[in-house]
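**Student:** Sending over a structure as structure tokens; questions will come in a sec.
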Amino acid sequence: MISQKMLAAMYEYSYFLVSQQIDGISHTQSLVRPPQGGNSLNWILGHITTSRCNVLAMLDQPTVWDFSDCQPYIPDSDPVPEPDEIINFEVMLNDLRKTQDILMVTIKDLTEEKMQEVKDDQSIGEQLAGYAIHEAYHAGELGITKAAISSK
């Protein structure tokens, strides 16, 4: 059974991992794509923030970005968005922190009934766990990408 405590731990640890990987990265560095291909740090962090906006919306909480801000960071979007679509990395870092603050309070206040509520054939608790696992994957991707662009 998925619990509030487990979900909070998953999101806290994921946020910790993401924060470690992006520490000290400038906006310019965030735009560099790895030599072997793949997504930039900016795209990956934008994708994580977009996912968190989905989570917050699912939990009836305010999101930090509107849909147009999320567009460049959704799956199968252009890994090199137009310059006017890219969110500044420092702004993105602040927005990610805001999502963490909102998410931790919201998870703490989740009722068992809300976690068992079914949307799209899964309970809210299952969906939250799935998003956390997805985020952990991308936290690892941040580390690999950071190492790849640092070795250039």
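Residue numbers start at 1 in each chain; chains themselves are named A, B, ... in the order of the structure tokens; ligands are numbered from 1 in the order shown.
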Excluding region 117-123 of chain A and any residue of its chain fewer than 5 positions from it, enumerate the residues within 10 Å of it, using only C-alpha atoms, and give them as a PyMOL selection string.
**Tutor:** chain A and resi 2+58+111-112+128-129
**Student:** Please produce a file of those selected residues containing N, CA and C atoms, as a PDB file, in the first residue's frame.
**Tutor:**
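Saved file selection.pdb follows:
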```pdb
ATOM      1  N   ILE A   2       0.501   2.192  -0.808  1.00  0.00           N
ATOM      2  CA  ILE A   2       1.246   3.443  -0.928  1.00  0.00           C
ATOM      3  C   ILE A   2       0.809   4.377   0.197  1.00  0.00           C
ATOM      4  N   MET A  58      -3.207  17.508 -10.784  1.00  0.00           N
ATOM      5  CA  MET A  58      -3.964  16.318 -10.410  1.00  0.00           C
ATOM      6  C   MET A  58      -4.432  16.411  -8.952  1.00  0.00           C
ATOM      7  N   THR A 111      -5.501  12.752   2.137  1.00  0.00           N
ATOM      8  CA  THR A 111      -6.299  11.796   2.891  1.00  0.00           C
ATOM      9  C   THR A 111      -6.202  10.423   2.224  1.00  0.00           C
ATOM     10  N   GLU A 112      -6.502   9.401   2.970  1.00  0.00           N
ATOM     11  CA  GLU A 112      -6.514   8.041   2.421  1.00  0.00           C
ATOM     12  C   GLU A 112      -7.537   7.956   1.281  1.00  0.00           C
ATOM     13  N   LEU A 128       0.945   9.059  -8.236  1.00  0.00           N
ATOM     14  CA  LEU A 128       2.005   9.833  -7.581  1.00  0.00           C
ATOM     15  C   LEU A 128       3.300   9.035  -7.495  1.00  0.00           C
ATOM     16  N   ALA A 129       3.185   7.759  -7.171  1.00  0.00           N
ATOM     17  CA  ALA A 129       4.375   6.898  -7.120  1.00  0.00           C
ATOM     18  C   ALA A 129       4.991   6.773  -8.514  1.00  0.00           C
TER      19      ALA A 129
END
```
**Student:** Which neighbours of Lys98 (chain A) fall inside 10 Å, counting only C-alpha atoms, when residues of the same chain fewer than 6 positions from it are skipped, and could you give them as a PyMOL selection string?
**Tutor:** chain A and resi 49+63-64+92
**Student:** Keeping N, CA and C atoms for every residue in the selection just given, could you write it to a file as a compact mmCIF listing (two decimals), in the first residue's frame?
**Tutor:**
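The resulting out.txt:
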```
# COMPACT_ATOMS: atom_id res chain seq x y z
N THR A 49 9.98 19.60 -14.14
CA THR A 49 9.09 20.64 -13.63
C THR A 49 7.71 20.52 -14.26
N THR A 63 -0.17 25.37 -10.03
CA THR A 63 1.07 24.98 -10.69
C THR A 63 1.95 26.21 -10.86
N VAL A 64 3.23 25.99 -11.05
CA VAL A 64 4.16 27.11 -11.19
C VAL A 64 4.25 27.59 -12.64
N MET A 92 14.03 28.39 -13.62
CA MET A 92 13.55 27.03 -13.51
C MET A 92 13.92 26.40 -12.15
```
**Student:** Within 10 Å of Leu96 (chain A), counting only C-alpha atoms, which residues qualify if same-chain residues fewer than 3 places away don't, as a PyMOL selection string?
**Tutor:** chain A and resi 15+18-19+45-46+48-50+52-53+64+90-93+99-101
**Student:** Which residues come within 7 Å of region 27-33 of chain A, counting only C-alpha atoms, excluding same-chain residues fewer than 2 positions away, as number ranges by chain?
**Tutor:** A: 25, 35, 37-42, 88-90, 149
**Student:** Quick one: write out the picked residues with N, CA and C atoms as a CSV table (one decimal), in the first residue's frame?
**Tutor:**
```csv
chain,number,residue,atom,x,y,z
A,25,ILE,N,25.3,24.9,-12.2
A,25,ILE,CA,25.1,24.9,-13.6
A,25,ILE,C,24.5,26.3,-14.0
A,35,PRO,N,27.5,15.2,-26.5
A,35,PRO,CA,28.0,15.0,-27.8
A,35,PRO,C,27.3,13.7,-28.5
A,37,GLY,N,24.3,12.9,-28.3
A,37,GLY,CA,22.9,13.2,-28.5
A,37,GLY,C,22.2,13.1,-27.2
A,38,GLY,N,20.9,13.4,-27.2
A,38,GLY,CA,20.1,13.4,-26.0
A,38,GLY,C,19.7,14.8,-25.6
A,39,ASN,N,19.1,14.9,-24.5
A,39,ASN,CA,18.5,16.2,-24.1
A,39,ASN,C,19.5,17.0,-23.2
A,40,SER,N,19.3,18.3,-23.3
A,40,SER,CA,20.1,19.2,-22.5
A,40,SER,C,19.6,19.2,-21.0
A,41,LEU,N,20.4,19.7,-20.1
A,41,LEU,CA,20.0,19.8,-18.7
A,41,LEU,C,18.8,20.7,-18.6
A,42,ASN,N,18.7,21.7,-19.4
A,42,ASN,CA,17.6,22.6,-19.4
A,42,ASN,C,16.3,21.9,-19.8
A,88,ASN,N,14.6,30.3,-18.6
A,88,ASN,CA,15.9,30.5,-18.0
A,88,ASN,C,16.2,29.5,-16.9
A,89,PHE,N,17.4,28.9,-16.9
A,89,PHE,CA,17.7,27.8,-15.9
A,89,PHE,C,17.6,28.3,-14.5
A,90,GLU,N,18.0,29.5,-14.2
A,90,GLU,CA,17.9,30.0,-12.8
A,90,GLU,C,16.5,30.1,-12.4
A,149,ILE,N,28.6,16.6,-20.7
A,149,ILE,CA,29.0,17.9,-21.2
A,149,ILE,C,30.2,18.5,-20.4
```
**Student:** Neighbouring residues of Ala139 (chain A) were defined as those with any atom within 8 Å, considering only C-alpha atoms; residues of the same chain fewer than 5 positions away were excluded. Please report them as a count of residues only.
**Tutor:** 4
**Student:** Which one is closest to Tyr137 (chain A): A:Leu110, A:Ile44, A:Met104, A:Val55? Count only C-alpha atoms.
**Tutor:**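 Ranking A:Leu110, A:Ile44, A:Met104, A:Val55 by distance to Tyr137 (chain A), first place goes to A:Ile44.
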**Student:** Run DSSP on the backbone and grab whatever in chain A lands in alpha helix (DSSP H); send it over as JSON, numbers by chain.
**Tutor:** {"A": [4, 5, 6, 7, 8, 9, 10, 11, 12, 13, 14, 15, 16, 17, 18, 19, 20, 21, 22, 27, 28, 29, 30, 41, 42, 43, 44, 45, 46, 47, 48, 49, 50, 51, 52, 53, 54, 55, 56, 57, 58, 67, 68, 69, 70, 89, 90, 91, 92, 93, 94, 95, 96, 97, 98, 99, 100, 101, 102, 103, 104, 105, 106, 107, 108, 112, 113, 114, 115, 116, 124, 125, 126, 127, 128, 129, 130, 131, 132, 133, 134, 135, 136, 137, 138, 139, 140, 141, 142, 143, 144, 145, 146, 147, 148, 149, 150]}
**Student:** Nearest to Asp60 (chain A) among A:Met10, A:Leu103, A:Ile144, A:Ala132, with distances taken over only C-alpha atoms: which residue is it?
**Tutor:**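 Closest to Asp60 (chain A), using only C-alpha atoms: A:Leu103.
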**Student:** Let's see if you can do this: from backbone DSSP, list all strand (DSSP E or B) residues in region 26-149 of chain A, as a list in words.
**Tutor:** Val118, Lys119, Gln122 and Ser123 of chain A
**Student:** Output C-alpha atoms for every residue in that selection, as a CSV table (one decimal), in the first residue's frame.
**Tutor:**
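The resulting file, out24.csv, is shown below:
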```csv
chain,number,residue,atom,x,y,z
A,118,VAL,CA,-9.2,6.4,-9.2
A,119,LYS,CA,-8.4,8.5,-12.3
A,122,GLN,CA,-5.1,4.1,-11.4
A,123,SER,CA,-5.4,5.5,-7.9
```
**Student:** When you look at Lys114 (chain A) with a cut-off of 10 Å (counting only C-alpha atoms), what residues show up, excluding the ones that are within fewer than 6 positions of it in the same chain? I need them as a PyMOL selection string.
**Tutor:** chain A and resi 59+123-125
**Student:** Select, from A:His138, A:Ala148, A:Met115, A:Ile107, the residue with the minimum atom-to-atom distance to Leu7 (chain A), counting only C-alpha atoms.
**Tutor:**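 Using only C-alpha atoms, Leu7 (chain A) sits closest to A:Ile107.
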**Student:** Just give me the gap between CA of Ile87 (chain A) and CA of His47 (chain A) in Å, one decimal is fine.
**Tutor:**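 So the two atoms, CA of Ile87 (chain A) and CA of His47 (chain A), lie 11.3 Å apart.
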**Student:** Suppose you want the space between CA of Lys108 (chain A) and CA of Gln4 (chain A); what is it in Å?
**Tutor:**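 Separation of CA of Lys108 (chain A) and CA of Gln4 (chain A): 6.3 Å.
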**Student:** Nearest residue to Ile133 (chain A) out of A:Ile102, A:Ala9, A:Leu56, A:Met1, using only C-alpha atoms?
**Tutor:**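 Closest to Ile133 (chain A) of all the choices is A:Ala9.
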